[in-house]
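Chemist: Structure below; questions to follow.
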Amino acid sequence: MAKKSAVKFVCQACGYESPKWLGRCPNCGAWNQMEEEREATKAVKQQQRSNFTGHVPQAVVIEDIKTENIPRVKTEMEEVNHVLGGGIVPGSLILIGGDPGIGKSTLLLQISAQINNAGHRVLYISGEESAGQIKMRAERLGVKGTDFYIYPETDIDAIRETIEKIKPDFVIVDSIQTMIQPENNSTAGSVSQVRECTAEFMRIAKTNDIAIFIVGHVTKEGAIAGPRMLEHMVDTVLYFEGDRHHSFRILRAVKNRFGSTDEIGVFEMIEGGLREVKNPSEMFLEERLAGASGSAVVASLEGTRPILAEIQCLITPTAFGNARRTASGLDYNRVALIMAVLEKRAGLLLQNQDAYFKSTGGVKLDEPAIDLAIAVSIASSYWDVETSASECFIGEIGLTGEIRRVNRVEQRVNEAKKLGFTKVYLPKNNMAGWKHPEDIQIIPVTTIQETLHKVFPNKN
Ligand code: TYD
Ligand code: MG
């Protein structure tokens, strides 16, 4: 049999491999993304074989496996601990993705300083900024520490040696797209470089029991640049999101081998760095205008945590041509579907109306339970009748106009109560099986027609 060629062409957008060069990737359709790469080198092969621990694994009887409570290192920021599932697990590899300038380096510098204060040795590897630049930022953030090393390097072999010499407890890699494995001929940031360097960091983390944070850049489409496979390799994937024009930042766990996913932590970017926001609901509702039409509040669930947010809608007659629809912070398709249901089931004539949607504070809401609040905000703007400032709406809407059950309704209602809401509309099917808190009126609803009738009694 002929020897398999060591050269292959890899799509830099999706990681598809081909033995010959192609103009267009047959997998993802991207043009001009195929790049020549050499066969996986040492690091990847070894990683695949050794299960990251340096030993060839053996099959073990399940009863003989000892479980141990994973000790976690806590940062001073409760929001960070919460997102990580209780703290940082030693030996774990954590990927943190986000748009440029969103504050990833700032967050990691603050986390490092805090773990350093707690007596752990930290090594901050930067391929993007010089030691001087990092020092300047550290000064701005008021970070100082004696056992805190800054290391501007991109060569993974040199990094491995330094880690073995310094023996840190925590390592920050900023960013994975700047790291290179010199044996691999492709450029920094290419799929194979990113993959091999990640595999190498995984091995370093597992063999030395060091927690490693890796910064990954995000592409236009929102995936961590280059390969999605990076997300499969690491233990935890966090996204740092937010609107650069707003000061709010949300740290979201999209994968976590040591905790539940979809947990979020909320921060605010201020002069002295990131500050945690202890009560996000309060902040999202802060600027709410009482008595304005087109606004409705929902108790949305982010991970295990209920968050109150305002949904705004503005309906205006279309001047000419096609009706315009935009949605920021909400899923456009969800909004279109609810408009269609309202048109068909509740008789609202929306086809010749422009509709603009916004979730306030730049928070992204994507959960079925927000449907009812979207529908109410549409009706409120359409009729130009305000909703009461003390009402909150929870429920999913089906295509026949029925209000469907949502999960964890008790937590949502309690959060609404905590913030002083006095009335909450929720699906009738959600009424049983939990303790209804006092001082908050609960209004069960079964259809969208019924809900609109109850919320706007003078309108239909
Ligand atoms: P940075 O952490 O460099 O972003 P990333 O690493 O994700 O690219 O954050 C840069 C932004 O944060 C920059 O626009 C300035 C702002 N910032 C503050 O507002 N306050 C601060 O204390 C710091 C350090 C940065
Ligand atoms: Mg940075």
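We name chains A, B, ... following the order of the structure tokens; residues begin at 1 in each chain, and ligands are numbered from 1 as shown.
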Which chains and residue numbers are within 12 Å of ligand 2, counting only C-alpha atoms and all ligand atoms, if I want them as a ChimeraX atom specification?

Modeler: /A:96-109,124-130,133-134,137,172-178,214-218,240

Chemist: Could you give me, as a list of chain:residue names, the residues within 9 Å of Val406 in chain A, counting only C-alpha atoms and dropping anything in the same chain fewer than 3 positions from it?

Modeler: A:Pro368, A:Ala369, A:Ile394, A:Gly395, A:Glu396, A:Val409, A:Leu426, A:Pro427, A:Asn429, A:Asn430

Chemist: Find the spatial neighbours of Thr360 in chain A, counting only C-alpha atoms, within a cut-off of 7 Å - ignore same-chain residues fewer than 5 positions away - and output them as a ChimeraX atom specification.

Modeler: /A:284,309-311

Chemist: Please save C-alpha atoms of the selected residues as a short mmCIF file (atom, residue, chain, number, x, y, z; two decimals), in the first residue's frame.

Modeler:
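Output saved as part.cif:
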```cif
data_model
loop_
_atom_site.label_atom_id
_atom_site.label_comp_id
_atom_site.auth_asym_id
_atom_site.auth_seq_id
_atom_site.Cartn_x
_atom_site.Cartn_y
_atom_site.Cartn_z
CA PHE A 284 -31.55 45.71 33.62
CA ALA A 309 -35.34 41.96 31.80
CA GLU A 310 -37.41 44.40 29.84
CA ILE A 311 -38.52 43.72 26.29
#
```

Chemist: Give the strand (DSSP E or B) residues of range 256-317 of chain A, as assigned by DSSP on the backbone, as a PyMOL selection string.

Modeler: chain A and resi 256+264-270+273-276+295-302+305-317

Chemist: What is the CA of Val424 in chain A-CA of Ile307 in chain A distance in Å, reported with one decimal?

Modeler: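 Distance between the two atoms: 14.3 Å.
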
Chemist: Within 12 Å of Glu79 in chain A, counting only C-alpha atoms, which residues show up once you throw out same-chain ones fewer than 3 positions away? Write them as a ChimeraX atom specification, please.

Modeler: /A:74-76,82-87,107,111,249-253,263-268,274-280,305

Chemist: Put those residues in a file: N, CA and C atoms, as a short mmCIF file (atom, residue, chain, number, x, y, z; two decimals), in the first residue's frame.

Modeler:
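Full text of result_18.cif as output:
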```cif
data_model
loop_
_atom_site.label_atom_id
_atom_site.label_comp_id
_atom_site.auth_asym_id
_atom_site.auth_seq_id
_atom_site.Cartn_x
_atom_site.Cartn_y
_atom_site.Cartn_z
N LYS A 74 -11.26 29.32 44.81
CA LYS A 74 -12.25 30.37 44.58
C LYS A 74 -11.58 31.71 44.30
N THR A 75 -12.18 32.45 43.38
CA THR A 75 -11.70 33.81 43.16
C THR A 75 -12.50 34.72 44.09
N GLU A 76 -12.09 35.98 44.16
CA GLU A 76 -12.85 36.89 45.04
C GLU A 76 -14.17 37.30 44.40
N HIS A 82 -19.42 31.25 40.42
CA HIS A 82 -20.73 30.71 40.07
C HIS A 82 -20.71 30.14 38.64
N VAL A 83 -20.15 30.89 37.71
CA VAL A 83 -20.12 30.44 36.31
C VAL A 83 -19.27 29.18 36.17
N LEU A 84 -18.20 29.09 36.96
CA LEU A 84 -17.32 27.93 36.87
C LEU A 84 -17.86 26.73 37.64
N GLY A 85 -19.00 26.89 38.27
CA GLY A 85 -19.59 25.78 39.00
C GLY A 85 -19.05 25.68 40.42
N GLY A 86 -18.56 26.79 40.97
CA GLY A 86 -18.11 26.79 42.36
C GLY A 86 -16.65 27.20 42.55
N GLY A 87 -15.93 27.38 41.48
CA GLY A 87 -14.53 27.78 41.59
C GLY A 87 -13.71 27.09 40.51
N LEU A 107 -10.38 40.74 32.52
CA LEU A 107 -10.98 39.78 33.44
C LEU A 107 -9.94 38.79 33.95
N ILE A 111 -8.66 38.06 37.70
CA ILE A 111 -8.77 36.73 38.31
C ILE A 111 -7.39 36.28 38.79
N ARG A 249 -21.26 43.36 30.95
CA ARG A 249 -20.60 42.21 30.34
C ARG A 249 -21.18 40.96 30.97
N ILE A 250 -21.38 39.95 30.14
CA ILE A 250 -21.92 38.70 30.67
C ILE A 250 -20.94 37.57 30.40
N LEU A 251 -20.59 36.85 31.44
CA LEU A 251 -19.72 35.69 31.31
C LEU A 251 -20.64 34.47 31.33
N ARG A 252 -20.60 33.69 30.24
CA ARG A 252 -21.56 32.60 30.11
C ARG A 252 -20.82 31.28 29.93
N ALA A 253 -21.22 30.25 30.67
CA ALA A 253 -20.61 28.93 30.50
C ALA A 253 -21.40 28.17 29.44
N GLU A 263 -24.80 28.86 32.84
CA GLU A 263 -24.74 29.76 34.00
C GLU A 263 -24.16 31.08 33.53
N ILE A 264 -24.63 32.16 34.09
CA ILE A 264 -24.03 33.44 33.71
C ILE A 264 -23.57 34.22 34.93
N GLY A 265 -22.62 35.10 34.68
CA GLY A 265 -22.17 36.05 35.68
C GLY A 265 -22.24 37.42 35.03
N VAL A 266 -22.65 38.42 35.77
CA VAL A 266 -22.83 39.73 35.17
C VAL A 266 -21.81 40.70 35.76
N PHE A 267 -21.19 41.48 34.88
CA PHE A 267 -20.15 42.43 35.29
C PHE A 267 -20.41 43.79 34.66
N GLU A 268 -19.73 44.76 35.22
CA GLU A 268 -19.79 46.08 34.63
C GLU A 268 -18.37 46.55 34.42
N LEU A 274 -13.21 45.39 35.79
CA LEU A 274 -14.56 44.80 35.83
C LEU A 274 -15.04 44.72 37.27
N ARG A 275 -16.29 45.10 37.45
CA ARG A 275 -16.87 45.00 38.77
C ARG A 275 -18.07 44.07 38.67
N GLU A 276 -18.24 43.17 39.64
CA GLU A 276 -19.37 42.26 39.52
C GLU A 276 -20.67 42.97 39.87
N VAL A 277 -21.72 42.55 39.21
CA VAL A 277 -23.04 43.11 39.46
C VAL A 277 -23.81 42.07 40.26
N LYS A 278 -24.12 42.42 41.51
CA LYS A 278 -24.73 41.43 42.39
C LYS A 278 -26.20 41.21 42.06
N ASN A 279 -26.86 42.27 41.64
CA ASN A 279 -28.27 42.11 41.35
C ASN A 279 -28.61 42.56 39.93
N PRO A 280 -28.36 41.66 38.95
CA PRO A 280 -28.51 42.05 37.56
C PRO A 280 -29.92 42.52 37.19
N ARG A 305 -30.32 30.61 37.04
CA ARG A 305 -30.55 31.88 37.69
C ARG A 305 -31.61 32.71 36.97
#
```

Chemist: What is the atom 20 (N, counted along the ligand's line) of ligand 1 to CA of Ala113 in chain A distance in Å?

Modeler: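 Computed distance, atom 20 (N, counted along the ligand's line) of ligand 1 to CA of Ala113 in chain A, equals 15.6 Å.
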
Chemist: Please, which residues of range 121-207 of chain A, numbered as in this document, come out alpha helix (DSSP H) from DSSP, as an MDAnalysis selection string?

Modeler: chainID A and resid 131:140 156:166 191:207

Chemist: Could the residues in this selection be written to a file with N, CA and C atoms, as an mmCIF file, in the first residue's frame?

Modeler:
```
data_model
loop_
_atom_site.group_PDB
_atom_site.id
_atom_site.type_symbol
_atom_site.label_atom_id
_atom_site.label_comp_id
_atom_site.auth_asym_id
_atom_site.auth_seq_id
_atom_site.Cartn_x
_atom_site.Cartn_y
_atom_site.Cartn_z
ATOM 1 N N ALA A 131 5.379 42.790 28.066
ATOM 2 C CA ALA A 131 5.314 42.776 29.528
ATOM 3 C C ALA A 131 4.981 44.168 30.043
ATOM 4 N N GLY A 132 5.547 45.190 29.378
ATOM 5 C CA GLY A 132 5.308 46.570 29.799
ATOM 6 C C GLY A 132 3.843 46.950 29.692
ATOM 7 N N GLN A 133 3.226 46.537 28.575
ATOM 8 C CA GLN A 133 1.803 46.853 28.394
ATOM 9 C C GLN A 133 0.937 46.190 29.463
ATOM 10 N N ILE A 134 1.279 44.945 29.769
ATOM 11 C CA ILE A 134 0.493 44.235 30.783
ATOM 12 C C ILE A 134 0.684 44.896 32.141
ATOM 13 N N LYS A 135 1.926 45.286 32.392
ATOM 14 C CA LYS A 135 2.228 45.952 33.667
ATOM 15 C C LYS A 135 1.406 47.248 33.792
ATOM 16 N N MET A 136 1.300 47.976 32.660
ATOM 17 C CA MET A 136 0.532 49.218 32.692
ATOM 18 C C MET A 136 -0.921 48.949 33.037
ATOM 19 N N ARG A 137 -1.474 47.910 32.407
ATOM 20 C CA ARG A 137 -2.862 47.582 32.704
ATOM 21 C C ARG A 137 -2.999 47.123 34.158
ATOM 22 N N ALA A 138 -2.016 46.330 34.610
ATOM 23 C CA ALA A 138 -2.066 45.842 35.985
ATOM 24 C C ALA A 138 -2.064 47.008 36.970
ATOM 25 N N GLU A 139 -1.276 48.031 36.639
ATOM 26 C CA GLU A 139 -1.222 49.200 37.535
ATOM 27 C C GLU A 139 -2.558 49.914 37.562
ATOM 28 N N ARG A 140 -3.149 49.993 36.370
ATOM 29 C CA ARG A 140 -4.444 50.646 36.269
ATOM 30 C C ARG A 140 -5.503 49.902 37.096
ATOM 31 N N ILE A 156 5.564 27.353 21.982
ATOM 32 C CA ILE A 156 5.023 26.417 22.972
ATOM 33 C C ILE A 156 6.103 25.592 23.666
ATOM 34 N N ASP A 157 7.213 25.325 22.961
ATOM 35 C CA ASP A 157 8.290 24.550 23.594
ATOM 36 C C ASP A 157 8.931 25.350 24.721
ATOM 37 N N ALA A 158 9.176 26.643 24.437
ATOM 38 C CA ALA A 158 9.760 27.508 25.467
ATOM 39 C C ALA A 158 8.779 27.649 26.633
ATOM 40 N N ILE A 159 7.504 27.717 26.307
ATOM 41 C CA ILE A 159 6.491 27.867 27.357
ATOM 42 C C ILE A 159 6.460 26.635 28.258
ATOM 43 N N ARG A 160 6.548 25.464 27.632
ATOM 44 C CA ARG A 160 6.525 24.238 28.428
ATOM 45 C C ARG A 160 7.700 24.219 29.397
ATOM 46 N N GLU A 161 8.877 24.592 28.885
ATOM 47 C CA GLU A 161 10.065 24.611 29.741
ATOM 48 C C GLU A 161 9.897 25.585 30.904
ATOM 49 N N THR A 162 9.387 26.774 30.580
ATOM 50 C CA THR A 162 9.203 27.775 31.640
ATOM 51 C C THR A 162 8.207 27.289 32.693
ATOM 52 N N ILE A 163 7.135 26.660 32.227
ATOM 53 C CA ILE A 163 6.151 26.159 33.188
ATOM 54 C C ILE A 163 6.798 25.116 34.099
ATOM 55 N N GLU A 164 7.622 24.258 33.493
ATOM 56 C CA GLU A 164 8.274 23.236 34.311
ATOM 57 C C GLU A 164 9.258 23.848 35.302
ATOM 58 N N LYS A 165 9.860 24.967 34.908
ATOM 59 C CA LYS A 165 10.838 25.619 35.781
ATOM 60 C C LYS A 165 10.153 26.413 36.906
ATOM 61 N N ILE A 166 9.174 27.233 36.510
ATOM 62 C CA ILE A 166 8.521 28.110 37.500
ATOM 63 C C ILE A 166 7.526 27.345 38.369
ATOM 64 N N VAL A 191 -5.749 26.381 11.789
ATOM 65 C CA VAL A 191 -6.449 25.309 12.497
ATOM 66 C C VAL A 191 -5.489 24.344 13.171
ATOM 67 N N SER A 192 -4.447 23.914 12.432
ATOM 68 C CA SER A 192 -3.590 22.889 13.016
ATOM 69 C C SER A 192 -2.745 23.450 14.158
ATOM 70 N N GLN A 193 -2.307 24.716 14.045
ATOM 71 C CA GLN A 193 -1.551 25.317 15.157
ATOM 72 C C GLN A 193 -2.422 25.426 16.404
ATOM 73 N N VAL A 194 -3.620 25.928 16.213
ATOM 74 C CA VAL A 194 -4.515 26.112 17.354
ATOM 75 C C VAL A 194 -4.811 24.769 18.011
ATOM 76 N N ARG A 195 -5.032 23.763 17.164
ATOM 77 C CA ARG A 195 -5.380 22.446 17.690
ATOM 78 C C ARG A 195 -4.201 21.828 18.445
ATOM 79 N N GLU A 196 -3.037 21.912 17.846
ATOM 80 C CA GLU A 196 -1.889 21.291 18.496
ATOM 81 C C GLU A 196 -1.482 22.011 19.765
ATOM 82 N N CYS A 197 -1.530 23.334 19.725
ATOM 83 C CA CYS A 197 -1.153 24.080 20.929
ATOM 84 C C CYS A 197 -2.163 23.801 22.048
ATOM 85 N N THR A 198 -3.438 23.707 21.687
ATOM 86 C CA THR A 198 -4.438 23.407 22.717
ATOM 87 C C THR A 198 -4.188 22.020 23.307
ATOM 88 N N ALA A 199 -3.892 21.061 22.432
ATOM 89 C CA ALA A 199 -3.620 19.708 22.919
ATOM 90 C C ALA A 199 -2.429 19.715 23.862
ATOM 91 N N GLU A 200 -1.423 20.515 23.532
ATOM 92 C CA GLU A 200 -0.229 20.589 24.363
ATOM 93 C C GLU A 200 -0.575 21.210 25.728
ATOM 94 N N PHE A 201 -1.361 22.279 25.708
ATOM 95 C CA PHE A 201 -1.752 22.893 26.984
ATOM 96 C C PHE A 201 -2.601 21.929 27.809
ATOM 97 N N MET A 202 -3.406 21.136 27.123
ATOM 98 C CA MET A 202 -4.221 20.158 27.829
ATOM 99 C C MET A 202 -3.316 19.171 28.561
ATOM 100 N N ARG A 203 -2.262 18.742 27.860
ATOM 101 C CA ARG A 203 -1.349 17.789 28.476
ATOM 102 C C ARG A 203 -0.614 18.408 29.658
ATOM 103 N N ILE A 204 -0.196 19.667 29.467
ATOM 104 C CA ILE A 204 0.508 20.354 30.556
ATOM 105 C C ILE A 204 -0.421 20.472 31.770
ATOM 106 N N ALA A 205 -1.684 20.833 31.501
ATOM 107 C CA ALA A 205 -2.638 21.007 32.595
ATOM 108 C C ALA A 205 -2.843 19.703 33.353
ATOM 109 N N LYS A 206 -3.040 18.612 32.596
ATOM 110 C CA LYS A 206 -3.369 17.337 33.249
ATOM 111 C C LYS A 206 -2.170 16.718 33.944
ATOM 112 N N THR A 207 -0.978 16.811 33.322
ATOM 113 C CA THR A 207 0.161 16.145 33.944
ATOM 114 C C THR A 207 0.686 16.911 35.157
#
```
